[in-house]
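> Quick one: the structure is below, questions incoming.
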Amino acid sequence: MELNSQRKKQFRAIGHHLKPIVFIADNGLTESVKDELERALKDHELIKIKISSPDRESRKEMCQLICQKCKAQQVQSIGNTALLYRASEKADPKLSNVLRAIKG
């Protein structure tokens, strides 16, 4: 499902208060980082990640690679931080950042 601009705006508002939970260092997208991204997206649906890379192009490429490998969608990218979303089939209302924000 492609995110429309209204949905992205909602997710950016929710993501504003989130802290990055996955940090990607110089080693890039290793298997352990990919596993952690999968777990985080499954549990939280909407996550903030931090990519440690010296230039904008390499951060953009890394974010595209992450989205491709994890089947996630990029909501926003500012500096070293990116906000990713992947809908969960059975979202846990206690863990999902999206459901908790909607619930109130």
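Starting from 1 in every chain, residues are counted up; chains themselves are A, B, ... following the order of the structure tokens, and ligands are numbered from 1 as listed.
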Env of Lys103 (chain A): 9 Å cut, atoms = only C-alpha atoms, seq-sep filter 4 positions within chain, self excluded. Answer as a list of chain:residue names.
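Residues meeting the cut-off are A:Pro93, A:Val98, A:Leu99.
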> Select from region 10-98 of chain A everything DSSP, run on the backbone, classes as alpha helix (DSSP H), then give the selection as a PyMOL selection string.
chain A and resi 10-15+31-44+56-70+97-98
> Identify, on the basis of only C-alpha atoms, every residue whose closest approach to Ala87 (chain A) does not exceed 12 Å; exclude the query and any residue fewer than 5 positions from it along the same chain; express the result as a list of chain:residue names.
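Here the answer would be A:Met1, A:Glu2, A:Leu3, A:Phe11, A:Glu38, A:Ala40, A:Leu41, A:Lys42, A:Asp43, A:His44, A:Glu45, A:Leu46, A:Ile47, A:Cys70, A:Lys71, A:Ala72, A:Gln73, A:Asp92, A:Ser96, A:Asn97, A:Val98, A:Leu99.
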> Export N, CA and C atoms of the chosen residues as a PDB file, in the first residue's frame?

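Here's the written file part_36.pdb:
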```pdb
ATOM      1  N   MET A   1       0.841  -1.176   0.000  1.00  0.00           N
ATOM      2  CA  MET A   1       0.000   0.000   0.000  1.00  0.00           C
ATOM      3  C   MET A   1       0.890   1.245   0.000  1.00  0.00           C
ATOM      4  N   GLU A   2       0.713   2.092  -0.967  1.00  0.00           N
ATOM      5  CA  GLU A   2       1.476   3.328  -1.062  1.00  0.00           C
ATOM      6  C   GLU A   2       0.896   4.358  -0.093  1.00  0.00           C
ATOM      7  N   LEU A   3       1.766   5.086   0.564  1.00  0.00           N
ATOM      8  CA  LEU A   3       1.325   6.100   1.519  1.00  0.00           C
ATOM      9  C   LEU A   3       0.957   7.378   0.781  1.00  0.00           C
ATOM     10  N   PHE A  11       1.877  10.229  10.057  1.00  0.00           N
ATOM     11  CA  PHE A  11       3.021   9.453  10.534  1.00  0.00           C
ATOM     12  C   PHE A  11       4.178  10.357  10.954  1.00  0.00           C
ATOM     13  N   GLU A  38      13.720  -5.862  11.290  1.00  0.00           N
ATOM     14  CA  GLU A  38      12.529  -6.700  11.101  1.00  0.00           C
ATOM     15  C   GLU A  38      11.708  -6.777  12.388  1.00  0.00           C
ATOM     16  N   ALA A  40      11.755  -4.688  14.976  1.00  0.00           N
ATOM     17  CA  ALA A  40      11.220  -3.374  15.321  1.00  0.00           C
ATOM     18  C   ALA A  40      10.017  -3.015  14.448  1.00  0.00           C
ATOM     19  N   LEU A  41      10.104  -3.279  13.151  1.00  0.00           N
ATOM     20  CA  LEU A  41       8.978  -2.979  12.262  1.00  0.00           C
ATOM     21  C   LEU A  41       7.779  -3.863  12.564  1.00  0.00           C
ATOM     22  N   LYS A  42       8.028  -5.116  12.914  1.00  0.00           N
ATOM     23  CA  LYS A  42       6.932  -6.031  13.246  1.00  0.00           C
ATOM     24  C   LYS A  42       6.215  -5.576  14.514  1.00  0.00           C
ATOM     25  N   ASP A  43       6.985  -5.157  15.506  1.00  0.00           N
ATOM     26  CA  ASP A  43       6.399  -4.750  16.783  1.00  0.00           C
ATOM     27  C   ASP A  43       5.795  -3.353  16.740  1.00  0.00           C
ATOM     28  N   HIS A  44       6.524  -2.394  16.164  1.00  0.00           N
ATOM     29  CA  HIS A  44       6.139  -0.988  16.286  1.00  0.00           C
ATOM     30  C   HIS A  44       5.506  -0.384  15.032  1.00  0.00           C
ATOM     31  N   GLU A  45       5.644  -1.010  13.900  1.00  0.00           N
ATOM     32  CA  GLU A  45       5.146  -0.529  12.604  1.00  0.00           C
ATOM     33  C   GLU A  45       5.842   0.746  12.130  1.00  0.00           C
ATOM     34  N   LEU A  46       5.903   1.761  12.964  1.00  0.00           N
ATOM     35  CA  LEU A  46       6.522   3.036  12.611  1.00  0.00           C
ATOM     36  C   LEU A  46       7.762   3.210  13.483  1.00  0.00           C
ATOM     37  N   ILE A  47       8.938   3.277  12.848  1.00  0.00           N
ATOM     38  CA  ILE A  47      10.176   3.388  13.621  1.00  0.00           C
ATOM     39  C   ILE A  47      11.060   4.497  13.070  1.00  0.00           C
ATOM     40  N   CYS A  70      13.599  -4.765   3.807  1.00  0.00           N
ATOM     41  CA  CYS A  70      12.622  -4.968   4.887  1.00  0.00           C
ATOM     42  C   CYS A  70      11.182  -4.748   4.430  1.00  0.00           C
ATOM     43  N   LYS A  71      10.999  -4.428   3.155  1.00  0.00           N
ATOM     44  CA  LYS A  71       9.666  -4.164   2.606  1.00  0.00           C
ATOM     45  C   LYS A  71       8.952  -3.062   3.392  1.00  0.00           C
ATOM     46  N   ALA A  72       9.700  -2.017   3.694  1.00  0.00           N
ATOM     47  CA  ALA A  72       9.167  -0.872   4.433  1.00  0.00           C
ATOM     48  C   ALA A  72       9.068   0.325   3.493  1.00  0.00           C
ATOM     49  N   GLN A  73       8.414   1.372   3.977  1.00  0.00           N
ATOM     50  CA  GLN A  73       8.288   2.592   3.197  1.00  0.00           C
ATOM     51  C   GLN A  73       8.890   3.740   3.990  1.00  0.00           C
ATOM     52  N   ASP A  92       0.129  -5.302  17.649  1.00  0.00           N
ATOM     53  CA  ASP A  92      -0.131  -5.316  19.085  1.00  0.00           C
ATOM     54  C   ASP A  92      -0.430  -3.882  19.526  1.00  0.00           C
ATOM     55  N   SER A  96       2.487  -1.068  19.051  1.00  0.00           N
ATOM     56  CA  SER A  96       2.421  -0.319  17.799  1.00  0.00           C
ATOM     57  C   SER A  96       2.357   1.187  18.062  1.00  0.00           C
ATOM     58  N   ASN A  97       3.310   1.927  17.515  1.00  0.00           N
ATOM     59  CA  ASN A  97       3.310   3.382  17.660  1.00  0.00           C
ATOM     60  C   ASN A  97       2.101   4.001  16.974  1.00  0.00           C
ATOM     61  N   VAL A  98       1.657   3.414  15.884  1.00  0.00           N
ATOM     62  CA  VAL A  98       0.517   3.941  15.134  1.00  0.00           C
ATOM     63  C   VAL A  98      -0.775   3.737  15.920  1.00  0.00           C
ATOM     64  N   LEU A  99      -1.010   2.521  16.395  1.00  0.00           N
ATOM     65  CA  LEU A  99      -2.243   2.237  17.132  1.00  0.00           C
ATOM     66  C   LEU A  99      -2.307   2.985  18.461  1.00  0.00           C
TER      67      LEU A  99
END
```
> Report as a list in words all protein, DNA and RNA residues lying within 9 Å of Val75 (chain A), evaluated on only C-alpha atoms, omitting residues in the same chain fewer than 4 positions from it.
Leu3, Lys8, Lys9, Phe11, Arg12, Ala82, Leu83, Leu84 and Tyr85 of chain A
> I need the residues from that last selection saved to file as a short mmCIF file (atom, residue, chain, number, x, y, z; two decimals), in the first residue's frame (with N, CA and C atoms), if you can.

```cif
data_model
loop_
_atom_site.label_atom_id
_atom_site.label_comp_id
_atom_site.auth_asym_id
_atom_site.auth_seq_id
_atom_site.Cartn_x
_atom_site.Cartn_y
_atom_site.Cartn_z
N LEU A 3 1.77 5.09 0.56
CA LEU A 3 1.33 6.10 1.52
C LEU A 3 0.96 7.38 0.78
N LYS A 8 1.18 10.26 5.34
CA LYS A 8 2.56 10.61 5.67
C LYS A 8 2.60 11.73 6.71
N LYS A 9 1.71 12.68 6.57
CA LYS A 9 1.65 13.79 7.52
C LYS A 9 1.30 13.27 8.92
N PHE A 11 1.88 10.23 10.06
CA PHE A 11 3.02 9.45 10.53
C PHE A 11 4.18 10.36 10.95
N ARG A 12 4.38 11.47 10.25
CA ARG A 12 5.43 12.41 10.65
C ARG A 12 5.11 13.01 12.01
N ALA A 82 15.90 8.72 9.70
CA ALA A 82 14.84 8.36 8.76
C ALA A 82 13.68 7.74 9.53
N LEU A 83 12.49 7.96 9.04
CA LEU A 83 11.27 7.42 9.63
C LEU A 83 10.72 6.39 8.65
N LEU A 84 10.57 5.14 9.12
CA LEU A 84 10.12 4.05 8.26
C LEU A 84 8.82 3.47 8.77
N TYR A 85 8.00 2.98 7.82
CA TYR A 85 6.71 2.38 8.17
C TYR A 85 6.52 1.08 7.41
#
```
> For Thr81 (chain A), find every residue with an atom within 9 Å (counting only C-alpha atoms), except residues of its own chain fewer than 2 positions away, and show them as number ranges by chain.
A: 20, 48-52, 76-79, 83
> Kindly indicate which residue among A:Arg56, A:Lys94, A:Ser5, A:Ile21 lies nearest to Val33 (chain A), using only C-alpha atoms for the distances.
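Selected residue with least distance to Val33 (chain A): A:Ile21.
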> One number please: CA of Glu61 (chain A) to CA of Asn4 (chain A), in Å, one decimal.
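CA of Asn4 (chain A) lies 22.3 Å from CA of Glu61 (chain A).
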> Provide the CA of Ile66 (chain A) to CA of Ala101 (chain A) distance in Å, to one decimal place.
24.7 Å
> Find the residue from A:Arg7, A:Leu65, A:Ile24, A:Leu95 that sits nearest to Asn80 (chain A); use only C-alpha atoms when measuring.
A:Ile24
> Between A:His17, A:Arg39, A:Arg86, A:Arg100, which has the minimum distance to Cys67 (chain A) (counting only C-alpha atoms)?
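Going through A:His17, A:Arg39, A:Arg86, A:Arg100 one by one, the smallest distance to Cys67 (chain A) is for A:Arg86.
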> I need the residues of chain A that end up classed as strand (DSSP E or B) by DSSP on the backbone, written out as a list in words.
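For chain A, the strand (DSSP E or B) set is Val22, Phe23, Ile24, Leu46, Ile47, Lys48, Ile49, Lys50, Ile51, Gln73, Gln74, Val75, Gln76, Ser77, Ile78, Thr81, Ala82, Leu83, Leu84 and Tyr85 of chain A.
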> Ranking A:Cys63, A:Ala91, A:Ile102, A:Leu37 by minimum distance to Val22 (chain A) and counting only C-alpha atoms, which one comes first?
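With only C-alpha atoms as the atom set, the closest residue is A:Leu37.
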> Tell me which of A:Gln74, A:Gln6, A:Gln68, A:Ser88 sits closest to Leu29 (chain A), counting only C-alpha atoms.
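Distance minimum relative to Leu29 (chain A) lands on A:Gln68.
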> At what distance in Å, to one decimal, does CA of Glu31 (chain A) lie from CA of His16 (chain A)?
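Those two atoms sit 27.8 Å apart.
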> Which residue is closest to Asn27 (chain A)? Choose from A:Lys69, A:Gln10, A:Met62, A:Glu57 and count only C-alpha atoms.
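So, comparing all the options, the nearest one is A:Met62.
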